[in-house]
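To be precise, the following lines are model-v1.txt, and they hold compact mmCIF, C-alpha atoms.
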```
# COMPACT_ATOMS: atom_id res chain seq x y z
CA MET A 163 0.00 0.00 0.00
CA SER A 164 1.29 3.46 -0.88
CA ALA A 165 2.05 5.79 2.02
CA ARG A 166 1.38 8.77 -0.25
CA ARG A 167 -1.30 11.12 0.95
CA PRO A 168 -0.75 14.32 -1.04
CA TYR A 169 -2.09 17.44 0.60
CA ILE A 170 -3.81 19.93 -1.71
CA ARG A 171 -3.78 23.54 -0.51
CA SER A 172 -6.80 25.77 -0.98
CA MET A 173 -6.79 28.56 -3.58
CA ASP A 174 -9.21 30.68 -1.52
CA GLY A 175 -8.17 34.34 -1.55
CA TRP A 176 -5.26 33.54 -3.92
CA TRP A 177 -5.13 37.05 -5.34
CA ARG A 178 -4.49 38.60 -1.93
CA ARG A 179 -1.43 36.37 -1.45
CA ASP A 180 0.98 38.48 -3.49
CA PRO A 181 1.09 42.20 -4.41
CA PHE A 182 1.74 41.13 -8.01
CA PHE A 183 -1.63 39.34 -8.09
CA ILE A 184 -3.37 42.38 -6.58
CA ARG A 185 -1.92 44.58 -9.34
CA TYR A 186 -3.07 41.99 -11.90
CA MET A 187 -6.61 42.01 -10.50
CA ILE A 188 -6.68 45.83 -10.61
CA ARG A 189 -5.50 45.71 -14.25
CA GLU A 190 -8.32 43.30 -15.11
CA ALA A 191 -10.90 45.25 -13.08
CA THR A 192 -10.00 48.60 -14.67
CA ALA A 193 -10.91 47.06 -18.05
CA LEU A 194 -14.52 47.42 -16.84
CA LEU A 195 -13.94 51.16 -16.39
CA VAL A 196 -12.68 51.32 -19.98
CA VAL A 197 -15.93 49.61 -21.06
CA ALA A 198 -17.90 52.16 -19.00
CA TYR A 199 -16.10 55.00 -20.79
CA ALA A 200 -16.98 53.48 -24.14
CA ALA A 201 -20.61 53.07 -23.03
CA VAL A 202 -20.85 56.76 -22.09
CA LEU A 203 -19.52 57.76 -25.52
CA LEU A 204 -21.81 55.26 -27.27
CA LEU A 205 -24.77 56.75 -25.42
CA GLY A 206 -23.67 60.18 -26.68
CA ALA A 207 -23.70 58.87 -30.27
CA ILE A 208 -27.19 57.43 -29.76
CA ARG A 209 -28.41 60.72 -28.27
CA LEU A 210 -26.91 62.60 -31.21
CA ALA A 211 -28.85 60.38 -33.61
CA GLN A 212 -32.04 61.13 -31.65
CA GLY A 213 -31.76 64.85 -32.31
CA GLU A 214 -30.45 68.09 -30.91
CA SER A 215 -32.45 68.29 -27.68
CA ALA A 216 -31.57 64.71 -26.73
CA TYR A 217 -27.89 65.47 -27.38
CA GLU A 218 -28.04 68.70 -25.34
CA ARG A 219 -29.60 66.78 -22.42
CA TRP A 220 -26.73 64.25 -22.65
CA LEU A 221 -24.20 67.09 -22.59
CA ALA A 222 -25.93 68.67 -19.57
CA ALA A 223 -25.92 65.33 -17.76
CA LEU A 224 -22.16 65.06 -18.37
CA ARG A 225 -21.66 68.40 -16.58
CA SER A 226 -23.39 67.29 -13.37
CA PRO A 227 -21.14 66.90 -10.29
CA TRP A 228 -21.94 63.17 -10.16
CA SER A 229 -20.86 62.76 -13.74
CA LEU A 230 -17.64 64.73 -13.14
CA ALA A 231 -16.81 62.59 -10.10
CA PHE A 232 -17.61 59.45 -12.10
CA HIS A 233 -15.34 60.62 -14.89
CA LEU A 234 -12.48 61.28 -12.47
CA VAL A 235 -12.74 57.68 -11.32
CA LEU A 236 -12.93 56.50 -14.95
CA PHE A 237 -9.90 58.59 -15.87
CA ALA A 238 -7.81 57.22 -12.97
CA GLY A 239 -8.83 53.69 -13.97
CA LEU A 240 -8.02 54.34 -17.61
CA VAL A 241 -4.56 55.73 -16.78
CA TYR A 242 -3.79 52.70 -14.61
CA HIS A 243 -5.12 50.32 -17.25
CA THR A 244 -3.01 51.96 -19.97
CA TRP A 245 0.10 51.80 -17.80
CA SER A 246 -0.43 48.17 -16.77
CA TRP A 247 -1.37 47.17 -20.33
CA PHE A 248 1.85 48.49 -21.80
CA GLN A 249 3.74 46.75 -18.99
CA ILE A 250 2.48 43.39 -20.26
CA VAL A 251 2.75 44.19 -23.99
CA PRO A 252 6.42 43.10 -24.38
CA LYS A 253 5.43 39.67 -23.05
CA THR A 254 2.80 39.26 -25.75
CA MET A 255 4.99 40.07 -28.77
CA PRO A 256 7.55 38.12 -30.76
CA SER A 257 11.02 39.49 -30.08
CA ILE A 258 12.00 42.43 -32.27
CA SER A 259 15.57 42.95 -33.39
CA VAL A 260 16.91 46.38 -34.15
CA GLY A 261 20.37 46.43 -35.70
CA GLY A 262 20.92 42.81 -34.66
CA LYS A 263 20.12 43.56 -30.99
CA LYS A 264 16.98 42.47 -29.19
CA LEU A 265 14.66 45.35 -28.35
CA GLN A 266 14.43 45.59 -24.54
CA PRO A 267 10.96 45.26 -22.91
CA ALA A 268 11.37 48.66 -21.21
CA VAL A 269 11.79 50.30 -24.64
CA ILE A 270 8.56 48.71 -25.94
CA THR A 271 6.65 49.72 -22.78
CA GLY A 272 8.09 53.25 -22.87
CA THR A 273 7.29 53.72 -26.57
CA GLY A 274 3.71 52.57 -26.00
CA LEU A 275 3.20 54.90 -23.05
CA VAL A 276 4.69 57.88 -24.90
CA ALA A 277 2.52 57.12 -27.95
CA ALA A 278 -0.61 56.86 -25.77
CA ALA A 279 0.19 60.12 -23.99
CA PHE A 280 0.95 61.85 -27.32
CA VAL A 281 -2.28 60.72 -28.99
CA SER A 282 -4.31 61.75 -25.92
CA LEU A 283 -2.66 65.17 -25.90
CA VAL A 284 -3.25 65.72 -29.63
CA LEU A 285 -6.90 64.72 -29.18
CA LEU A 286 -7.28 67.08 -26.22
CA LEU A 287 -5.72 70.01 -28.13
CA LEU A 288 -7.92 69.24 -31.13
CA LEU A 289 -11.05 69.31 -28.94
CA LEU A 290 -9.96 72.57 -27.26
CA PHE A 291 -9.32 74.04 -30.72
CA ILE A 292 -12.76 72.96 -32.00
CA GLY A 293 -14.39 74.14 -28.77
CA SER A 294 -12.93 77.63 -28.98
CA MET B 296 32.48 29.92 8.67
CA ASN B 297 34.70 32.71 9.88
CA GLU B 298 32.92 35.73 11.36
CA THR B 299 30.59 35.61 14.35
CA HIS B 300 27.43 33.72 13.56
CA LYS B 301 24.13 35.47 13.49
CA VAL B 302 21.05 33.38 14.14
CA ILE B 303 18.00 33.53 11.90
CA ALA B 304 14.62 31.92 12.49
CA ILE B 305 13.60 29.68 9.60
CA GLU B 306 9.92 28.81 9.63
CA VAL B 307 9.25 25.69 7.59
CA LEU B 308 5.89 24.27 6.54
CA ARG B 309 5.95 20.65 7.65
CA TYR B 310 3.70 17.84 6.49
CA ARG B 311 4.29 14.21 7.33
CA PRO B 312 1.48 12.27 5.64
CA GLU B 313 1.64 9.36 8.09
CA LEU B 314 1.35 11.65 11.13
CA ASP B 315 -0.26 14.96 10.23
CA GLU B 316 -3.82 15.71 9.20
CA LYS B 317 -2.67 18.97 7.65
CA PRO B 318 0.55 21.00 7.29
CA PHE B 319 1.86 23.13 10.17
CA PHE B 320 4.75 25.58 10.65
CA GLN B 321 7.83 24.63 12.62
CA THR B 322 10.49 27.21 13.48
CA TYR B 323 14.21 26.46 13.68
CA GLN B 324 16.95 28.76 14.95
CA VAL B 325 19.77 28.57 12.42
CA PRO B 326 23.22 30.14 12.80
CA PHE B 327 24.32 31.55 9.45
CA THR B 328 27.08 33.44 7.69
CA GLU B 329 26.89 36.08 4.96
CA GLU B 330 27.31 33.63 2.10
CA MET B 331 24.75 31.05 3.26
CA SER B 332 21.76 30.37 1.03
CA VAL B 333 18.30 29.36 2.22
CA LEU B 334 19.11 25.86 0.94
CA GLN B 335 22.20 25.77 3.16
CA GLY B 336 19.97 26.85 6.04
CA LEU B 337 17.69 23.88 5.34
CA LEU B 338 20.73 21.58 5.12
CA TYR B 339 21.87 22.86 8.52
CA ILE B 340 18.45 22.00 9.96
CA LYS B 341 18.58 18.53 8.39
CA ASP B 342 22.14 17.83 9.61
CA GLU B 343 22.14 19.48 13.02
CA LEU B 344 18.61 20.08 14.28
CA ASP B 345 16.00 17.79 12.76
CA GLY B 346 16.85 14.89 10.48
CA THR B 347 13.18 14.28 9.65
CA LEU B 348 12.87 17.40 7.48
CA SER B 349 12.43 16.51 3.79
CA PHE B 350 13.30 18.67 0.79
CA ARG B 351 14.76 18.25 -2.69
CA TRP B 352 18.11 19.61 -3.73
CA SER B 353 21.09 18.71 -5.83
CA CYS B 354 23.45 21.14 -7.57
CA ARG B 355 23.47 24.18 -5.21
CA MET B 356 24.13 26.45 -8.21
CA ALA B 357 20.78 27.19 -9.83
CA ILE B 358 21.02 24.73 -12.68
CA CYS B 359 19.34 21.48 -11.52
CA GLY B 360 16.02 23.12 -10.68
CA SER B 361 15.33 20.90 -7.64
CA CYS B 362 15.24 23.25 -4.64
CA GLY B 363 12.34 25.53 -5.62
CA ALA B 364 10.17 26.67 -2.70
CA MET B 365 7.95 29.53 -1.62
CA ILE B 366 10.38 31.77 0.27
CA ASP B 367 8.43 34.41 2.16
CA GLY B 368 5.60 33.66 -0.25
CA VAL B 369 7.62 34.11 -3.46
CA PRO B 370 8.64 31.17 -5.68
CA MET B 371 12.46 31.03 -5.56
CA LEU B 372 15.32 28.59 -5.76
CA GLY B 373 16.61 27.88 -2.23
CA CYS B 374 20.20 27.89 -3.51
CA HIS B 375 19.74 31.24 -5.24
CA THR B 376 18.36 33.10 -2.23
CA PHE B 377 20.42 34.31 0.70
CA LEU B 378 19.55 34.23 4.40
CA ARG B 379 21.26 37.61 4.89
CA ASP B 380 18.54 39.28 2.80
CA TYR B 381 15.87 38.26 5.35
CA TYR B 382 17.80 38.80 8.60
CA PRO B 383 16.94 40.13 11.22
CA ASN B 384 13.41 39.02 10.28
CA LYS B 385 12.53 35.35 10.12
CA VAL B 386 12.26 33.64 6.76
CA ARG B 387 9.31 31.43 5.91
CA VAL B 388 9.85 28.44 3.61
CA GLU B 389 6.89 26.56 2.13
CA PRO B 390 6.55 23.98 -0.63
CA LEU B 391 5.93 25.38 -4.11
CA ALA B 392 2.37 26.68 -4.37
CA HIS B 393 -0.25 25.00 -6.60
CA PHE B 394 1.34 21.55 -6.30
CA PRO B 395 0.19 18.79 -3.95
CA ILE B 396 2.49 18.44 -0.92
CA GLU B 397 3.97 14.95 -0.68
CA ARG B 398 6.08 15.57 2.44
CA ASP B 399 7.38 18.78 4.02
CA LEU B 400 8.88 20.83 1.15
CA VAL B 401 8.60 18.01 -1.38
CA VAL B 402 5.78 18.48 -3.90
CA GLY B 403 4.33 16.03 -6.38
CA ALA B 404 5.80 16.69 -9.83
CA ASP B 405 3.89 13.89 -11.60
CA ASP B 406 1.52 16.30 -13.36
CA PHE B 407 4.38 18.49 -14.61
CA ILE B 408 6.43 15.54 -15.85
CA GLY B 409 3.37 14.05 -17.59
CA LYS B 410 2.75 17.32 -19.44
CA LEU B 411 6.41 17.65 -20.33
CA GLU B 412 6.34 14.20 -21.97
CA ARG B 413 3.20 15.07 -23.93
CA ILE B 414 4.76 18.01 -25.79
CA LYS B 415 7.58 15.91 -27.32
CA PRO B 416 10.37 17.98 -25.74
CA TYR B 417 12.93 17.03 -28.34
CA ILE B 418 13.70 17.82 -31.97
CA VAL B 419 11.79 15.68 -34.43
CA PRO B 420 13.92 15.94 -37.60
CA LYS B 421 12.28 16.80 -40.92
CA GLU B 422 13.99 13.89 -42.58
CA PRO B 423 16.22 11.25 -41.00
CA ARG B 424 19.90 11.70 -41.75
CA THR B 425 22.84 9.39 -41.39
CA LEU B 426 25.83 10.54 -39.37
CA ALA B 427 27.81 10.79 -42.60
CA GLU B 428 25.42 13.46 -43.84
CA GLY B 429 26.54 15.73 -41.02
CA GLU B 430 24.76 17.91 -38.47
CA TYR B 431 21.59 19.96 -38.89
CA LEU B 432 22.84 23.49 -39.37
CA GLN B 433 21.25 26.59 -37.93
CA THR B 434 21.97 30.29 -38.48
CA PRO B 435 22.61 32.60 -35.50
CA ALA B 436 19.24 34.27 -36.19
CA GLN B 437 17.47 30.88 -36.06
CA LEU B 438 19.27 30.07 -32.81
CA GLU B 439 18.29 33.44 -31.34
CA ARG B 440 14.60 32.54 -31.75
CA ILE B 441 14.90 29.55 -29.41
CA LEU B 442 17.92 30.28 -27.21
CA GLN B 443 16.15 32.01 -24.33
CA PHE B 444 13.41 29.35 -24.18
CA SER B 445 15.98 26.55 -24.14
CA SER B 446 17.34 27.85 -20.82
CA CYS B 447 14.45 26.30 -18.86
CA ILE B 448 15.65 24.06 -16.02
CA ASN B 449 12.20 22.58 -15.18
CA CYS B 450 12.28 24.09 -11.68
CA MET B 451 8.49 24.68 -11.73
CA LEU B 452 8.73 28.12 -10.08
CA CYS B 453 6.56 29.51 -12.90
CA TYR B 454 3.80 27.01 -12.00
CA ALA B 455 3.90 28.19 -8.39
CA ALA B 456 3.55 31.76 -9.78
CA CYS B 457 0.61 30.94 -12.06
CA PRO B 458 -2.82 31.31 -10.43
CA GLN B 459 -4.49 29.86 -13.53
CA TYR B 460 -2.57 26.62 -12.99
CA GLY B 461 -3.51 26.69 -9.30
CA LEU B 462 -7.18 27.19 -10.14
CA ASP B 463 -7.22 24.62 -12.96
CA PRO B 464 -4.39 22.08 -12.97
CA ALA B 465 -5.53 20.88 -16.42
CA PHE B 466 -3.77 23.98 -17.85
CA ILE B 467 -0.52 22.84 -19.47
CA GLY B 468 1.15 25.78 -17.74
CA PRO B 469 3.95 28.26 -18.44
CA GLY B 470 7.14 26.17 -18.27
CA VAL B 471 5.97 23.31 -20.48
CA LEU B 472 4.43 25.74 -23.00
CA ALA B 473 7.74 27.65 -23.10
CA LEU B 474 9.53 24.40 -23.91
CA LEU B 475 6.87 23.54 -26.47
CA HIS B 476 7.60 26.89 -28.11
CA ARG B 477 11.33 26.21 -27.94
CA TYR B 478 10.86 23.11 -30.14
CA ASN B 479 8.13 24.54 -32.38
CA ALA B 480 10.28 27.58 -33.13
CA ASP B 481 13.32 25.44 -33.93
CA SER B 482 14.20 25.52 -37.64
CA ARG B 483 15.29 21.85 -37.48
CA ASP B 484 12.01 20.52 -36.07
CA ALA B 485 9.05 19.01 -37.91
CA ALA B 486 6.56 18.15 -35.14
CA ARG B 487 4.82 21.53 -35.03
CA ALA B 488 1.48 20.21 -36.29
CA ASP B 489 1.33 17.64 -33.45
CA ARG B 490 2.23 20.19 -30.80
CA MET B 491 -0.28 22.75 -32.10
CA GLN B 492 -3.07 20.33 -31.07
CA LEU B 493 -1.96 20.91 -27.47
CA VAL B 494 -1.47 24.67 -27.95
CA ASN B 495 -4.95 25.13 -29.45
CA ALA B 496 -6.81 23.25 -26.71
CA GLU B 497 -8.66 25.10 -23.94
CA GLU B 498 -6.01 23.89 -21.48
CA GLY B 499 -3.30 25.02 -23.93
CA VAL B 500 -2.39 28.69 -24.33
CA TRP B 501 -5.98 29.90 -24.00
CA SER B 502 -6.06 29.20 -20.26
CA CYS B 503 -3.43 31.91 -19.81
CA THR B 504 -4.77 35.34 -18.82
CA ALA B 505 -1.39 37.13 -19.05
CA VAL B 506 -0.82 37.52 -15.33
CA GLY B 507 2.89 37.58 -16.22
CA TYR B 508 4.23 36.55 -12.81
CA CYS B 509 5.74 33.38 -14.32
CA SER B 510 8.29 35.50 -16.18
CA GLU B 511 9.06 37.57 -13.08
CA VAL B 512 10.01 34.55 -10.96
CA CYS B 513 11.90 32.60 -13.63
CA PRO B 514 15.51 32.26 -12.39
CA LYS B 515 16.78 31.73 -15.95
CA GLY B 516 15.19 34.63 -17.83
CA VAL B 517 13.13 32.29 -20.01
CA ASP B 518 10.06 34.59 -20.06
CA PRO B 519 7.43 31.84 -20.35
CA ALA B 520 4.63 34.44 -20.55
CA ASN B 521 6.16 35.58 -23.83
CA ALA B 522 6.26 32.02 -25.21
CA VAL B 523 2.63 31.42 -24.21
CA ASN B 524 1.35 34.69 -25.64
CA GLN B 525 3.28 34.34 -28.89
CA ASN B 526 1.47 31.01 -29.24
CA LYS B 527 -1.92 32.64 -28.79
CA THR B 528 -1.14 34.45 -32.05
CA ALA B 529 0.13 31.19 -33.57
CA SER B 530 -3.00 29.36 -32.40
CA ALA B 531 -5.32 32.03 -33.83
CA ALA B 532 -3.43 31.90 -37.15
CA ASP B 533 -3.66 28.11 -37.11
CA TYR B 534 -7.44 28.35 -36.59
CA PHE B 535 -8.08 30.82 -39.41
CA LEU B 536 -5.66 29.19 -41.83
CA HIS B 537 -7.43 25.85 -41.53
CA TRP B 538 -10.44 27.38 -43.31
CA LEU B 539 -8.31 27.91 -46.39
CA PRO B 540 -8.42 25.18 -49.03
CA LYS B 541 -5.76 22.54 -48.58
CA GLY B 542 -2.51 23.20 -50.42
CA SER B 543 -2.96 26.96 -50.36
CA GLY B 544 -0.37 27.64 -47.73
CA LYS B 545 1.17 26.51 -44.42
```

Translate this file's structure into structure tokens.
Amino acid sequence: MSARRPYIRSMDGWWRRDPFFIRYMIREATALLVVAYAAVLLLGAIRLAQGESAYERWLAALRSPWSLAFHLVLFAGLVYHTWSWFQIVPKTMPSISVGGKKLQPAVITGTGLVAAAFVSLVLLLLLLFIGS
Amino acid sequence: MNETHKVIAIEVLRYRPELDEKPFFQTYQVPFTEEMSVLQGLLYIKDELDGTLSFRWSCRMAICGSCGAMIDGVPMLGCHTFLRDYYPNKVRVEPLAHFPIERDLVVGADDFIGKLERIKPYIVPKEPRTLAEGEYLQTPAQLERILQFSSCINCMLCYAACPQYGLDPAFIGPGVLALLHRYNADSRDAARADRMQLVNAEEGVWSCTAVGYCSEVCPKGVDPANAVNQNKTASAADYFLHWLPKGSGK
């Protein structure tokens, strides 16, 4: 008879075991905030299709304190999600060689973050320009 | 053993299947010197304090992959981790997470070994050659594609870092998938089609959710998360290409 009696440990609360897992869970959770952002914009498009007064009401709703607070939370989530997403990007790509040397993960992450910040800034300036 | 010995408390998770219903922590006071690893601390316990303590080890230089354990909750090689970095606090040593505990720090590796065998972890040549025909040549660029993934020492730290493996042990897991990629990406190999069956399955690459901790804990810089996620692309391509009429590509 075998004396083996393997003990299986529980996975309960696994994500609280390591700060790395907590950061992973926040990355995954903030994806929901990105979806919420998209939903708000989609609603705006629907309201626009419904006519001017519907669109104006949507704009007014966006200016309410609740909406501003909600958007602050969304923005914080989006920034974190962008940062954490570009952290993982180098792990999802085939290795890239530049001049015979392997491109370092930090370079890929940095380029992505700079590109995201640049595009956001251009978009913001464009909106300010249109708005004025 | 020259300078005055400091003493560190090493807390070890013990489990003796014939005696214990469940694991429990036992603390040992271990004198140590600057250059002593956690593995050497365990060896001191075994030799001087408690001969019943069980753990795996062999090379003491981070190449055999035997002495992996959770050290203060992080998957590490015992021989690659120093007691001085934990002193004056205690250091907690537990068996690798997500594996069944056989005894003390010894975990059951049957599942890992079984998976390793399934992926054909060897080069299957395109056509058999006689010795007289010479070796299979490879360019430096072709070698570069597989080199990092061939550094895996089967230490299983990446499995202890992978919650998806812990939640569903059917998942092939990071280390074995990295080795699968090492052979699939090898210009001399011809068994890709067989291995893609394993990659494409639910318990293949698609069980990975890109936690990425496997690559963080790898003591050899293999980056298994990269191998797994490159194969998500390969698997998707494999899926869409199979709709094309036969003979039109591949």

### Message
Please check the contacts: residues of chain B at most 9 Å away from chain A, using only C-alpha atoms, listed as a PyMOL selection string.
### Response
chain B and resi 310+312-313+316-318+368-369+392-398+402-403+436+440+458+461-462+505-508+510+518-525+527-528

### Task
Name the residues in contact with stretch 351-359 of chain B at a cut-off of 12 Å, using all atoms listed in the file, excluding same-chain residues fewer than 6 positions from it; report them as JSON, numbers by chain.
{"B": [331, 332, 333, 334, 335, 337, 338, 341, 371, 372, 373, 374, 375, 376, 390, 391, 397, 398, 399, 400, 401, 402, 403, 404, 446, 447, 448, 449, 450, 451, 513, 514, 515]}

### Query
What is the distance between atom CA of B:Leu348 and atom CA of A:Gly175, in Å to one decimal?
28.5 Å

Axis-aligned box for all listed atoms of stretch 521-532 of chain B, 8 Å per side, centre and edges in Å to one decimal, as AutoDock Vina command-line options:
```
--center_x 0.5 --center_y 32.5 --center_z -30.5 --size_x 27.6 --size_y 22.2 --size_z 29.3
```

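In this comparison, which uses all atoms listed in the file, the residue of B:Glu329, B:Asp481, B:Glu389, B:Glu422 approaching B:Leu308 most closely is B:Glu389.
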
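Interatomic distance, atom CA of A:His243 against atom CA of A:Ile292: 28.1 Å.
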
### Task
Provide the atom CA of B:Asn495 to atom CA of B:Ser530 distance in Å, to one decimal place.
5.5 Å

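Distances to A:Ala238 were evaluated for A:Val284, A:Ala211, A:Ala201, A:Leu195 using all atoms listed in the file, and the minimum falls at A:Leu195.
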
### Message
The residues within 8 Å of (10.1, 23.5, -24.9), using only C-alpha atoms and the coordinates of the file, should be reported as a ChimeraX atom specification; which are they?
### Response
/B:414,416-417,444-445,447,470-479

### Task
Would you kindly return, as a PyMOL selection string, each protein, DNA or RNA residue with an atom no farther than 6 Å from any atom of B:His300, considering all atoms listed in the file and excluding same-chain residues fewer than 3 positions away?
chain B and resi 326-328

### Message
Please list as a PyMOL selection string every residue within 12 Å of B:Lys301, counting only C-alpha atoms and excluding residues in the same chain fewer than 2 positions away.
### Response
chain B and resi 296-299+303-304+324-331+378-379+381-384

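Within 9 Å of the point (-19.8, 64.4, -22.0), and counting only C-alpha atoms, the protein, DNA and RNA residues are Val202, Leu203, Gly206, Trp220, Leu221, Ala222, Ala223, Leu224, Arg225 and Ser229 of chain A.
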